[in-house]
>>> print(open('query35.cif').read())   # mmCIF, C-alpha atoms
data_entry
loop_
_atom_site.label_atom_id
_atom_site.label_comp_id
_atom_site.auth_asym_id
_atom_site.auth_seq_id
_atom_site.Cartn_x
_atom_site.Cartn_y
_atom_site.Cartn_z
CA MET A 1 0.03 11.21 41.25
CA SER A 2 2.92 11.36 38.82
CA LEU A 3 3.29 7.57 39.11
CA VAL A 4 -0.31 7.11 37.91
CA ARG A 5 0.37 9.50 35.03
CA ASP A 6 3.54 7.64 34.08
CA ILE A 7 1.75 4.28 34.15
CA MET A 8 -1.00 5.67 31.87
CA THR A 9 1.65 7.00 29.50
CA ILE A 10 3.59 3.74 29.38
CA ALA A 11 0.42 1.69 28.80
CA ALA A 12 -1.05 3.91 26.07
CA VAL A 13 2.25 4.54 24.23
CA SER A 14 3.09 0.81 24.27
CA ALA A 15 -0.35 -0.01 22.88
CA GLY A 16 0.16 2.68 20.22
CA ALA A 17 3.54 1.24 19.26
CA PHE A 18 1.93 -2.21 19.01
CA PHE A 19 -0.62 -0.92 16.47
CA PHE A 20 2.10 0.81 14.44
CA LEU A 21 3.98 -2.51 14.40
CA ALA A 22 0.83 -4.40 13.36
CA GLY A 23 0.15 -1.84 10.61
CA THR A 24 3.68 -2.27 9.29
CA VAL A 25 3.39 -6.07 9.38
CA GLY A 26 0.15 -5.70 7.40
CA LEU A 27 1.86 -3.41 4.91
CA LEU A 28 4.48 -6.10 4.31
CA ARG A 29 2.21 -9.15 4.35
CA PHE A 30 -1.01 -8.01 2.64
CA PRO A 31 -1.18 -8.97 -1.04
CA ASP A 32 -1.99 -5.74 -2.96
CA THR A 33 -2.22 -1.93 -2.84
CA LEU A 34 -5.82 -1.78 -1.61
CA THR A 35 -5.44 -4.27 1.24
CA ARG A 36 -2.21 -2.52 2.28
CA LEU A 37 -4.11 0.76 2.46
CA HIS A 38 -6.41 -0.80 5.05
CA ALA A 39 -3.41 -1.77 7.14
CA LEU A 40 -1.85 1.68 7.00
CA THR A 41 -4.88 3.92 7.47
CA LYS A 42 -6.58 1.95 10.20
CA ALA A 43 -3.79 0.57 12.35
CA ASP A 44 -1.65 3.72 12.19
CA ASN A 45 -4.60 5.98 12.93
CA LEU A 46 -5.30 4.03 16.12
CA GLY A 47 -1.57 3.82 16.95
CA LEU A 48 -1.11 7.58 16.66
CA GLY A 49 -4.29 8.19 18.67
CA LEU A 50 -3.03 6.00 21.51
CA ILE A 51 0.40 7.68 21.49
CA VAL A 52 -1.27 11.11 21.69
CA VAL A 53 -3.50 9.90 24.56
CA GLY A 54 -0.40 8.54 26.27
CA LEU A 55 1.56 11.78 25.89
CA LEU A 56 -1.28 14.05 27.07
CA PRO A 57 -0.62 13.43 30.81
CA GLN A 58 3.01 14.52 30.19
CA ALA A 59 2.06 17.76 28.38
CA GLY A 60 3.51 20.75 30.20
CA SER A 61 0.69 23.16 29.38
CA LEU A 62 -2.78 23.36 27.91
CA ARG A 63 -1.25 24.57 24.65
CA ASP A 64 1.02 21.52 24.40
CA GLY A 65 -1.99 19.27 24.94
CA LEU A 66 -4.05 21.06 22.29
CA LYS A 67 -1.10 20.87 19.92
CA LEU A 68 -0.89 17.09 20.35
CA VAL A 69 -4.62 16.70 19.69
CA SER A 70 -4.41 19.03 16.64
CA ILE A 71 -1.57 16.97 15.20
CA TRP A 72 -3.64 13.81 15.59
CA LEU A 73 -6.70 15.40 13.93
CA LEU A 74 -4.64 16.82 11.04
CA VAL A 75 -2.90 13.48 10.41
CA MET A 76 -6.27 11.69 10.46
CA LEU A 77 -7.76 14.18 8.00
CA ALA A 78 -4.76 13.91 5.68
CA GLY A 79 -4.72 10.09 5.93
CA ALA A 80 -8.44 9.72 5.27
CA THR A 81 -8.25 12.04 2.25
CA VAL A 82 -5.06 10.71 0.68
CA SER A 83 -6.03 7.05 1.18
CA GLN A 84 -9.15 7.67 -0.94
CA LEU A 85 -7.08 9.18 -3.74
CA ILE A 86 -4.67 6.24 -3.72
CA ALA A 87 -7.59 3.79 -3.58
CA ARG A 88 -9.30 5.45 -6.54
CA ASN A 89 -6.14 5.21 -8.62
CA ALA A 90 -5.48 1.63 -7.59
CA ARG A 91 -9.01 0.57 -8.58
CA GLN A 92 -8.75 2.28 -11.97
CA ASP A 93 -5.43 0.53 -12.62
CA GLU A 94 -7.04 -2.77 -11.70
CA THR A 95 -10.04 -2.35 -13.99
CA ALA A 96 -7.80 -1.06 -16.82
CA LYS A 97 -5.73 -4.24 -16.77
CA MET B 1 -34.23 35.36 2.58
CA THR B 2 -33.23 38.97 1.92
CA ALA B 3 -29.80 39.90 0.60
CA GLY B 4 -28.99 41.80 3.80
CA ILE B 5 -29.49 38.76 6.03
CA MET B 6 -27.51 36.59 3.61
CA ALA B 7 -24.56 39.02 3.64
CA GLY B 8 -24.73 39.26 7.44
CA ARG B 9 -24.63 35.49 7.74
CA TRP B 10 -21.69 35.32 5.32
CA TRP B 11 -19.68 37.83 7.38
CA LEU B 12 -20.55 36.01 10.60
CA SER B 13 -19.31 32.77 9.06
CA ALA B 14 -16.12 34.42 7.79
CA ALA B 15 -15.40 35.97 11.22
CA SER B 16 -16.00 32.75 13.14
CA ARG B 17 -13.83 30.72 10.76
CA ALA B 18 -11.04 33.31 10.94
CA ALA B 19 -11.24 33.09 14.74
CA TRP B 20 -10.93 29.28 14.61
CA PHE B 21 -7.96 29.46 12.22
CA SER B 22 -6.28 32.04 14.49
CA CYS B 23 -6.71 29.68 17.46
CA LEU B 24 -5.22 26.83 15.43
CA TRP B 25 -2.23 29.04 14.53
CA LEU B 26 -1.71 29.98 18.19
CA VAL B 27 -1.85 26.32 19.22
CA LEU B 28 0.52 25.08 16.51
CA ALA B 29 2.97 27.99 16.20
CA GLY B 30 2.67 29.82 19.52
CA ALA B 31 2.15 33.50 20.25
CA ASP B 32 5.02 35.73 19.07
CA ILE B 33 4.84 39.38 17.97
CA GLY B 34 7.24 38.65 15.08
CA ASP B 35 4.83 36.03 13.70
CA ILE B 36 1.96 38.46 13.17
CA PRO B 37 2.52 39.05 9.40
CA ALA B 38 2.84 35.34 8.64
CA ALA B 39 -0.09 34.46 10.91
CA THR B 40 -2.32 37.10 9.31
CA ALA B 41 -1.45 35.88 5.82
CA ALA B 42 -2.12 32.26 6.79
CA VAL B 43 -5.45 33.04 8.50
CA VAL B 44 -6.67 35.16 5.57
CA ALA B 45 -5.64 32.48 3.04
CA ALA B 46 -7.24 29.69 5.07
CA THR B 47 -10.49 31.62 5.62
CA TRP B 48 -10.73 32.58 1.93
CA THR B 49 -10.10 28.99 0.83
CA SER B 50 -12.61 27.59 3.31
CA LEU B 51 -15.34 30.04 2.21
CA ARG B 52 -14.66 29.17 -1.45
CA LEU B 53 -14.76 25.42 -0.89
CA LEU B 54 -17.28 25.18 1.93
CA GLU B 55 -20.20 27.61 1.68
CA PRO B 56 -21.79 28.77 4.93
CA SER B 57 -24.37 26.16 5.79
CA THR B 58 -28.00 26.67 6.70
CA SER B 59 -28.81 23.20 8.06
CA ARG B 60 -29.59 22.73 11.71
CA ARG B 61 -26.92 20.93 13.68
CA SER B 62 -27.65 18.98 16.78
CA LEU B 63 -24.86 18.97 19.35
CA ARG B 64 -26.09 15.72 20.82
CA ALA B 65 -26.06 13.97 17.44
CA ILE B 66 -22.57 15.35 16.72
CA LEU B 67 -21.26 13.97 20.02
CA GLN B 68 -22.88 10.65 19.17
CA LEU B 69 -21.16 10.67 15.77
CA VAL B 70 -17.77 11.43 17.40
CA PHE B 71 -18.35 8.61 19.87
CA PHE B 72 -19.26 6.14 17.06
CA PHE B 73 -16.21 7.31 15.18
CA LEU B 74 -13.86 6.67 18.12
CA VAL B 75 -15.34 3.23 18.79
CA HIS B 76 -15.10 2.35 15.09
CA SER B 77 -11.47 3.53 14.93
CA ILE B 78 -10.57 1.18 17.77
CA VAL B 79 -12.49 -1.74 16.22
CA ALA B 80 -10.95 -1.00 12.80
CA GLY B 81 -7.38 -0.86 14.13
CA ALA B 82 -7.82 -4.02 16.19
CA ASP B 83 -9.40 -5.85 13.22
CA VAL B 84 -6.54 -4.96 10.86
CA ALA B 85 -3.94 -5.81 13.52
CA ARG B 86 -5.55 -9.22 14.12
CA ARG B 87 -5.61 -10.07 10.41
CA ALA B 88 -2.06 -8.82 9.82
CA LEU B 89 -0.59 -10.79 12.70
CA ASP B 90 -2.59 -14.01 12.13
CA PRO B 91 -0.23 -16.60 10.55
CA ARG B 92 -3.04 -17.76 8.19
CA LEU B 93 -3.61 -14.14 6.98
CA PRO B 94 -7.46 -14.31 6.96
CA LEU B 95 -8.48 -11.98 4.11
CA ARG B 96 -11.42 -12.20 1.70
CA PRO B 97 -10.90 -8.95 -0.18
CA GLY B 98 -13.43 -7.66 -2.68
CA PHE B 99 -15.60 -4.70 -3.73
CA VAL B 100 -19.11 -3.79 -2.66
CA ALA B 101 -21.29 -1.09 -4.25
CA TYR B 102 -23.17 1.06 -1.74
CA PRO B 103 -26.13 3.10 -3.06
CA THR B 104 -25.93 6.34 -1.05
CA ARG B 105 -28.77 8.86 -0.74
CA LEU B 106 -26.38 11.74 -0.05
CA PRO B 107 -26.11 14.28 -2.87
CA ARG B 108 -22.88 14.51 -4.86
CA GLY B 109 -20.26 16.93 -3.64
CA LEU B 110 -19.46 17.99 -0.10
CA ARG B 111 -21.86 15.72 1.80
CA ARG B 112 -20.82 12.64 -0.07
CA ASN B 113 -17.15 13.55 0.40
CA VAL B 114 -17.62 13.97 4.15
CA PHE B 115 -19.28 10.56 4.20
CA THR B 116 -16.50 8.81 2.27
CA THR B 117 -13.87 10.45 4.46
CA LEU B 118 -15.62 9.27 7.62
CA THR B 119 -16.15 5.76 6.27
CA SER B 120 -12.55 5.43 5.11
CA LEU B 121 -11.84 4.99 8.83
CA LEU B 122 -14.55 2.38 9.40
CA PRO B 123 -13.50 -1.21 10.06
CA GLY B 124 -12.69 -3.10 6.86
CA THR B 125 -13.72 -0.52 4.23
CA VAL B 126 -11.83 1.89 1.97
CA PRO B 127 -13.86 4.03 -0.47
CA THR B 128 -12.46 3.76 -3.98
CA GLY B 129 -14.63 6.15 -5.99
CA GLU B 130 -18.17 6.34 -7.33
CA ARG B 131 -20.24 5.62 -10.43
CA ASP B 132 -23.95 6.21 -11.14
CA GLY B 133 -24.70 7.30 -7.57
CA GLN B 134 -23.04 4.24 -6.08
CA LEU B 135 -19.95 4.31 -3.92
CA PHE B 136 -17.47 1.51 -4.46
CA TYR B 137 -15.86 0.23 -1.30
CA HIS B 138 -12.95 -2.12 -1.09
CA CYS B 139 -13.37 -4.53 1.81
CA LEU B 140 -10.85 -6.68 3.63
CA ASP B 141 -13.55 -9.28 4.28
CA ILE B 142 -16.64 -9.19 2.07
CA GLU B 143 -18.44 -11.61 4.39
CA GLN B 144 -18.73 -8.85 7.02
CA PRO B 145 -22.07 -6.92 7.10
CA VAL B 146 -20.48 -3.95 5.34
CA LEU B 147 -23.62 -2.51 3.70
CA ALA B 148 -25.57 -2.43 6.97
CA GLU B 149 -22.67 -0.66 8.73
CA LEU B 150 -22.41 1.94 5.97
CA ALA B 151 -26.17 2.60 6.14
CA ALA B 152 -25.94 3.09 9.94
CA GLU B 153 -23.03 5.50 9.50
CA GLU B 154 -24.91 7.49 6.85
CA ALA B 155 -27.93 7.78 9.17
CA ALA B 156 -25.72 8.99 12.05
CA LEU B 157 -24.05 11.59 9.80
CA VAL B 158 -27.41 12.91 8.55
CA ARG B 159 -28.68 13.18 12.15
CA ALA B 160 -25.56 15.07 13.21
CA LEU B 161 -25.01 17.56 10.41
CA TYR B 162 -27.62 17.50 7.68
CA ASN B 163 -30.93 17.43 9.52
CA GLU B 164 -33.04 19.81 7.47
#
>>> encode(input="query35.cif", output="C-alpha coordinates")
Amino acid sequence: MSLVRDIMTIAAVSAGAFFFLAGTVGLLRFPDTLTRLHALTKADNLGLGLIVVGLLPQAGSLRDGLKLVSIWLLVMLAGATVSQLIARNARQDETAK
Amino acid sequence: MTAGIMAGRWWLSAASRAAWFSCLWLVLAGADIGDIPAATAAVVAATWTSLRLLEPSTSRRSLRAILQLVFFFLVHSIVAGADVARRALDPRLPLRPGFVAYPTRLPRGLRRNVFTTLTSLLPGTVPTGERDGQLFYHCLDIEQPVLAELAAEEAALVRALYNE
(Lines of atoms letter the chains of each structure in order from A and count residues from 1; the text may use other names and numbers.)
(Lines give C-alpha, C1' and ligand atoms only; values in the text may rest on other atoms or scores of the structure.)
Protein backbone atom coordinates (compact mmCIF):
# COMPACT_ATOMS: atom_id res chain seq x y z
CA MET A 1 0.00 0.00 0.00
CA SER A 2 2.75 2.43 0.92
CA LEU A 3 4.61 1.44 -2.26
CA VAL A 4 1.61 2.53 -4.37
CA ARG A 5 1.47 5.80 -2.43
CA ASP A 6 5.18 6.40 -2.95
CA ILE A 7 4.92 5.70 -6.68
CA MET A 8 2.03 8.19 -6.96
CA THR A 9 4.07 10.77 -5.08
CA ILE A 10 7.17 10.29 -7.20
CA ALA A 11 5.18 10.47 -10.45
CA ALA A 12 3.14 13.57 -9.54
CA VAL A 13 6.01 15.50 -7.92
CA SER A 14 8.30 14.77 -10.89
CA ALA A 15 5.61 15.98 -13.30
CA GLY A 16 5.18 19.09 -11.12
CA ALA A 17 8.91 19.78 -11.16
CA PHE A 18 8.87 19.38 -14.96
CA PHE A 19 6.21 22.11 -15.30
CA PHE A 20 8.14 24.43 -12.97
CA LEU A 21 11.20 23.86 -15.15
CA ALA A 22 9.19 24.53 -18.33
CA GLY A 23 7.73 27.70 -16.80
CA THR A 24 11.22 28.93 -15.94
CA VAL A 25 12.50 28.13 -19.44
CA GLY A 26 9.55 30.14 -20.79
CA LEU A 27 10.35 33.02 -18.45
CA LEU A 28 13.88 33.12 -19.86
CA ARG A 29 13.06 32.50 -23.53
CA PHE A 30 9.79 34.39 -24.14
CA PRO A 31 10.31 37.83 -25.69
CA ASP A 32 8.39 40.31 -23.46
CA THR A 33 6.62 40.89 -20.14
CA LEU A 34 3.19 39.71 -21.29
CA THR A 35 4.34 36.45 -22.88
CA ARG A 36 6.49 35.76 -19.79
CA LEU A 37 3.40 36.18 -17.62
CA HIS A 38 1.76 33.34 -19.54
CA ALA A 39 4.73 31.12 -18.80
CA LEU A 40 4.74 31.89 -15.10
CA THR A 41 1.04 31.84 -14.28
CA LYS A 42 0.09 28.79 -16.27
CA ALA A 43 3.03 26.43 -15.99
CA ASP A 44 3.70 27.17 -12.31
CA ASN A 45 0.04 26.85 -11.39
CA LEU A 46 -0.04 23.36 -12.88
CA GLY A 47 3.38 22.51 -11.38
CA LEU A 48 2.28 23.49 -7.88
CA GLY A 49 -1.02 21.62 -8.31
CA LEU A 50 0.82 18.43 -9.27
CA ILE A 51 3.25 18.77 -6.34
CA VAL A 52 0.31 19.21 -3.94
CA VAL A 53 -1.44 16.16 -5.46
CA GLY A 54 1.81 14.23 -5.10
CA LEU A 55 2.30 15.21 -1.45
CA LEU A 56 -1.30 14.46 -0.41
CA PRO A 57 -0.72 10.67 -0.05
CA GLN A 58 2.17 11.49 2.33
CA ALA A 59 0.12 13.87 4.52
CA GLY A 60 0.08 12.64 8.10
CA SER A 61 -3.41 13.88 8.95
CA LEU A 62 -6.53 15.35 7.44
CA ARG A 63 -5.40 18.79 8.60
CA ASP A 64 -2.07 18.48 6.77
CA GLY A 65 -3.92 17.52 3.61
CA LEU A 66 -6.33 20.44 3.90
CA LYS A 67 -3.39 22.75 4.56
CA LEU A 68 -1.69 21.63 1.33
CA VAL A 69 -4.87 22.20 -0.68
CA SER A 70 -5.41 25.63 0.98
CA ILE A 71 -1.87 26.67 0.07
CA TRP A 72 -2.49 25.69 -3.55
CA LEU A 73 -5.80 27.61 -3.68
CA LEU A 74 -4.29 30.72 -2.04
CA VAL A 75 -1.30 30.73 -4.41
CA MET A 76 -3.63 30.33 -7.40
CA LEU A 77 -5.82 33.20 -6.22
CA ALA A 78 -2.81 35.44 -5.60
CA GLY A 79 -1.23 34.49 -8.95
CA ALA A 80 -4.42 35.06 -10.94
CA THR A 81 -4.96 38.46 -9.31
CA VAL A 82 -1.40 39.77 -9.43
CA SER A 83 -0.83 38.60 -13.02
CA GLN A 84 -3.76 40.79 -14.12
CA LEU A 85 -2.28 43.83 -12.38
CA ILE A 86 1.11 43.27 -14.01
CA ALA A 87 -0.55 42.66 -17.39
CA ARG A 88 -2.57 45.88 -17.11
CA ASN A 89 0.56 47.89 -16.36
CA ALA A 90 2.55 46.21 -19.12
CA ARG A 91 -0.15 46.98 -21.70
CA GLN A 92 -0.36 50.63 -20.64
CA ASP A 93 3.42 50.95 -20.94
CA GLU A 94 3.24 49.43 -24.39
CA THR A 95 0.51 51.76 -25.65
CA ALA A 96 2.23 54.78 -24.05
CA LYS A 97 5.41 54.15 -26.02
CA MET B 1 -38.16 42.38 0.79
CA THR B 2 -38.68 43.71 4.32
CA ALA B 3 -35.83 45.19 6.35
CA GLY B 4 -36.12 42.39 8.93
CA ILE B 5 -35.50 39.63 6.37
CA MET B 6 -32.62 41.62 4.85
CA ALA B 7 -30.94 42.05 8.26
CA GLY B 8 -31.48 38.36 9.04
CA ARG B 9 -29.87 37.36 5.77
CA TRP B 10 -26.95 39.72 6.43
CA TRP B 11 -26.29 38.16 9.85
CA LEU B 12 -26.58 34.66 8.41
CA SER B 13 -24.01 35.58 5.77
CA ALA B 14 -21.69 37.13 8.36
CA ALA B 15 -21.93 34.06 10.62
CA SER B 16 -21.29 31.57 7.82
CA ARG B 17 -18.32 33.54 6.50
CA ALA B 18 -16.85 33.85 10.01
CA ALA B 19 -17.23 30.07 10.37
CA TRP B 20 -15.38 29.50 7.09
CA PHE B 21 -12.57 31.88 8.07
CA SER B 22 -12.26 30.13 11.46
CA CYS B 23 -11.92 26.78 9.68
CA LEU B 24 -9.24 28.26 7.41
CA TRP B 25 -7.36 29.56 10.47
CA LEU B 26 -7.54 26.14 12.15
CA VAL B 27 -6.25 24.44 8.99
CA LEU B 28 -3.38 26.88 8.41
CA ALA B 29 -2.33 27.73 11.97
CA GLY B 30 -3.59 24.80 14.05
CA ALA B 31 -5.63 24.77 17.25
CA ASP B 32 -3.85 26.35 20.23
CA ILE B 33 -5.42 28.10 23.24
CA GLY B 34 -2.72 30.81 23.09
CA ASP B 35 -3.74 31.68 19.51
CA ILE B 36 -7.30 32.65 20.40
CA PRO B 37 -6.76 36.46 20.52
CA ALA B 38 -4.89 36.52 17.21
CA ALA B 39 -7.36 34.12 15.58
CA THR B 40 -10.35 36.18 16.75
CA ALA B 41 -8.80 39.39 15.43
CA ALA B 42 -8.00 37.75 12.08
CA VAL B 43 -11.47 36.21 11.68
CA VAL B 44 -13.24 39.48 12.57
CA ALA B 45 -11.02 41.48 10.18
CA ALA B 46 -11.48 38.96 7.36
CA THR B 47 -15.26 38.77 7.83
CA TRP B 48 -15.60 42.57 7.97
CA THR B 49 -13.48 42.99 4.83
CA SER B 50 -15.37 40.29 2.96
CA LEU B 51 -18.77 41.82 3.82
CA ARG B 52 -17.52 45.25 2.72
CA LEU B 53 -16.12 44.01 -0.59
CA LEU B 54 -18.53 41.18 -1.37
CA GLU B 55 -22.16 41.87 -0.46
CA PRO B 56 -24.32 38.89 0.47
CA SER B 57 -25.67 37.56 -2.79
CA THR B 58 -29.24 36.75 -3.70
CA SER B 59 -28.66 34.76 -6.89
CA ARG B 60 -29.45 31.08 -7.03
CA ARG B 61 -26.44 28.83 -7.19
CA SER B 62 -26.53 25.41 -8.71
CA LEU B 63 -24.18 22.89 -7.12
CA ARG B 64 -24.08 20.85 -10.30
CA ALA B 65 -23.08 23.85 -12.42
CA ILE B 66 -20.43 24.82 -9.85
CA LEU B 67 -18.91 21.33 -9.98
CA GLN B 68 -18.97 21.54 -13.76
CA LEU B 69 -17.15 24.89 -13.60
CA VAL B 70 -14.51 23.44 -11.24
CA PHE B 71 -14.06 20.49 -13.59
CA PHE B 72 -13.67 22.79 -16.64
CA PHE B 73 -11.23 24.86 -14.65
CA LEU B 74 -9.05 21.85 -13.75
CA VAL B 75 -9.04 20.56 -17.32
CA HIS B 76 -8.18 24.03 -18.64
CA SER B 77 -5.35 24.42 -16.10
CA ILE B 78 -3.79 21.19 -17.34
CA VAL B 79 -4.23 22.17 -21.01
CA ALA B 80 -2.87 25.68 -20.29
CA GLY B 81 0.22 24.40 -18.46
CA ALA B 82 0.96 21.79 -21.12
CA ASP B 83 0.49 24.36 -23.91
CA VAL B 84 2.90 26.86 -22.33
CA ALA B 85 5.42 24.10 -21.55
CA ARG B 86 5.31 22.87 -25.16
CA ARG B 87 5.87 26.36 -26.58
CA ALA B 88 8.64 27.18 -24.09
CA LEU B 89 10.57 23.98 -24.75
CA ASP B 90 10.11 23.95 -28.55
CA PRO B 91 13.43 25.03 -30.15
CA ARG B 92 11.52 27.12 -32.75
CA LEU B 93 9.62 28.98 -29.97
CA PRO B 94 6.18 28.96 -31.72
CA LEU B 95 4.51 32.19 -30.54
CA ARG B 96 2.11 34.51 -32.38
CA PRO B 97 1.40 36.96 -29.57
CA GLY B 98 -1.25 39.65 -29.90
CA PHE B 99 -4.35 41.22 -28.32
CA VAL B 100 -8.00 40.33 -28.80
CA ALA B 101 -10.97 42.39 -27.56
CA TYR B 102 -13.74 40.32 -25.99
CA PRO B 103 -17.17 41.98 -25.62
CA THR B 104 -18.46 40.61 -22.31
CA ARG B 105 -22.10 40.76 -21.19
CA LEU B 106 -21.16 40.62 -17.50
CA PRO B 107 -21.74 43.86 -15.59
CA ARG B 108 -18.75 45.87 -14.38
CA GLY B 109 -17.44 45.12 -10.92
CA LEU B 110 -17.42 41.84 -9.05
CA ARG B 111 -18.81 39.55 -11.75
CA ARG B 112 -16.46 40.82 -14.39
CA ASN B 113 -13.54 40.53 -11.97
CA VAL B 114 -14.41 36.93 -11.15
CA PHE B 115 -14.53 36.24 -14.88
CA THR B 116 -11.14 37.83 -15.62
CA THR B 117 -9.58 35.98 -12.68
CA LEU B 118 -10.93 32.65 -13.93
CA THR B 119 -9.88 33.33 -17.52
CA SER B 120 -6.38 34.42 -16.52
CA LEU B 121 -5.83 30.69 -15.98
CA LEU B 122 -7.28 29.63 -19.34
CA PRO B 123 -4.90 28.33 -22.01
CA GLY B 124 -3.15 31.12 -23.89
CA THR B 125 -4.94 34.18 -22.46
CA VAL B 126 -4.04 36.85 -19.91
CA PRO B 127 -6.59 39.63 -19.26
CA THR B 128 -4.94 43.04 -19.50
CA GLY B 129 -7.74 45.45 -18.62
CA GLU B 130 -10.94 46.80 -20.15
CA ARG B 131 -12.29 49.71 -22.17
CA ASP B 132 -15.86 50.50 -23.31
CA GLY B 133 -17.25 47.20 -22.04
CA GLN B 134 -14.60 45.17 -23.83
CA LEU B 135 -11.98 43.07 -22.12
CA PHE B 136 -8.54 43.08 -23.68
CA TYR B 137 -6.79 39.74 -23.63
CA HIS B 138 -3.19 39.12 -24.48
CA CYS B 139 -2.81 35.81 -26.31
CA LEU B 140 0.22 33.64 -26.87
CA ASP B 141 -1.21 32.51 -30.21
CA ILE B 142 -3.90 34.69 -31.79
CA GLU B 143 -4.71 31.95 -34.30
CA GLN B 144 -6.31 29.88 -31.52
CA PRO B 145 -10.13 30.15 -31.17
CA VAL B 146 -9.77 32.44 -28.15
CA LEU B 147 -13.09 34.31 -28.44
CA ALA B 148 -15.14 31.10 -28.63
CA GLU B 149 -13.37 29.71 -25.55
CA LEU B 150 -13.98 32.90 -23.59
CA ALA B 151 -17.69 32.84 -24.53
CA ALA B 152 -17.96 29.20 -23.35
CA GLU B 153 -16.27 30.09 -20.06
CA GLU B 154 -18.60 33.06 -19.52
CA ALA B 155 -21.64 30.82 -20.12
CA ALA B 156 -20.33 28.23 -17.64
CA LEU B 157 -19.71 30.92 -15.00
CA VAL B 158 -23.21 32.38 -15.42
CA ARG B 159 -24.75 28.89 -15.11
CA ALA B 160 -22.76 28.21 -11.93
CA LEU B 161 -23.07 31.43 -9.96
CA TYR B 162 -25.22 34.09 -11.56
CA ASN B 163 -28.33 32.25 -12.68
CA GLU B 164 -31.07 34.70 -11.79
>>> atom_distance(input="query35.cif", atom1="CA of Met6 in chain B", atom2="CA of Thr49 in chain B")
19.2 Å
>>> atom_distance(input="query35.cif", atom1="CA of Arg9 in chain B", atom2="CA of Pro56 in chain B")
7.8 Å
>>> axis_aligned_box(input="query35.cif", around="range 21-25 of chain A", padding_each_side="8 Å", output="JSON")
{"center_x": 2.1, "center_y": -4.0, "center_z": 11.8, "size_x": 19.8, "size_y": 20.2, "size_z": 21.1}
>>> closest_residue(input="query35.cif", among="A:Leu21, A:Ile51, A:Val4, A:Leu46", to="Pro123 in chain B", atoms="all atoms listed in the file")
A:Leu46
>>> interface_residues(input="query35.cif", of="chain B", to="chain A", cutoff="7 Å", atoms="only C-alpha atoms", output="JSON, numbers by chain")
{"B": [27, 28, 77, 78, 80, 81, 84, 85, 88, 89, 117, 120, 121, 124, 126, 127, 128, 129, 140]}
>>> atom_distance(input="query35.cif", atom1="CA of Val100 in chain B", atom2="CA of Val75 in chain A")
27.1 Å
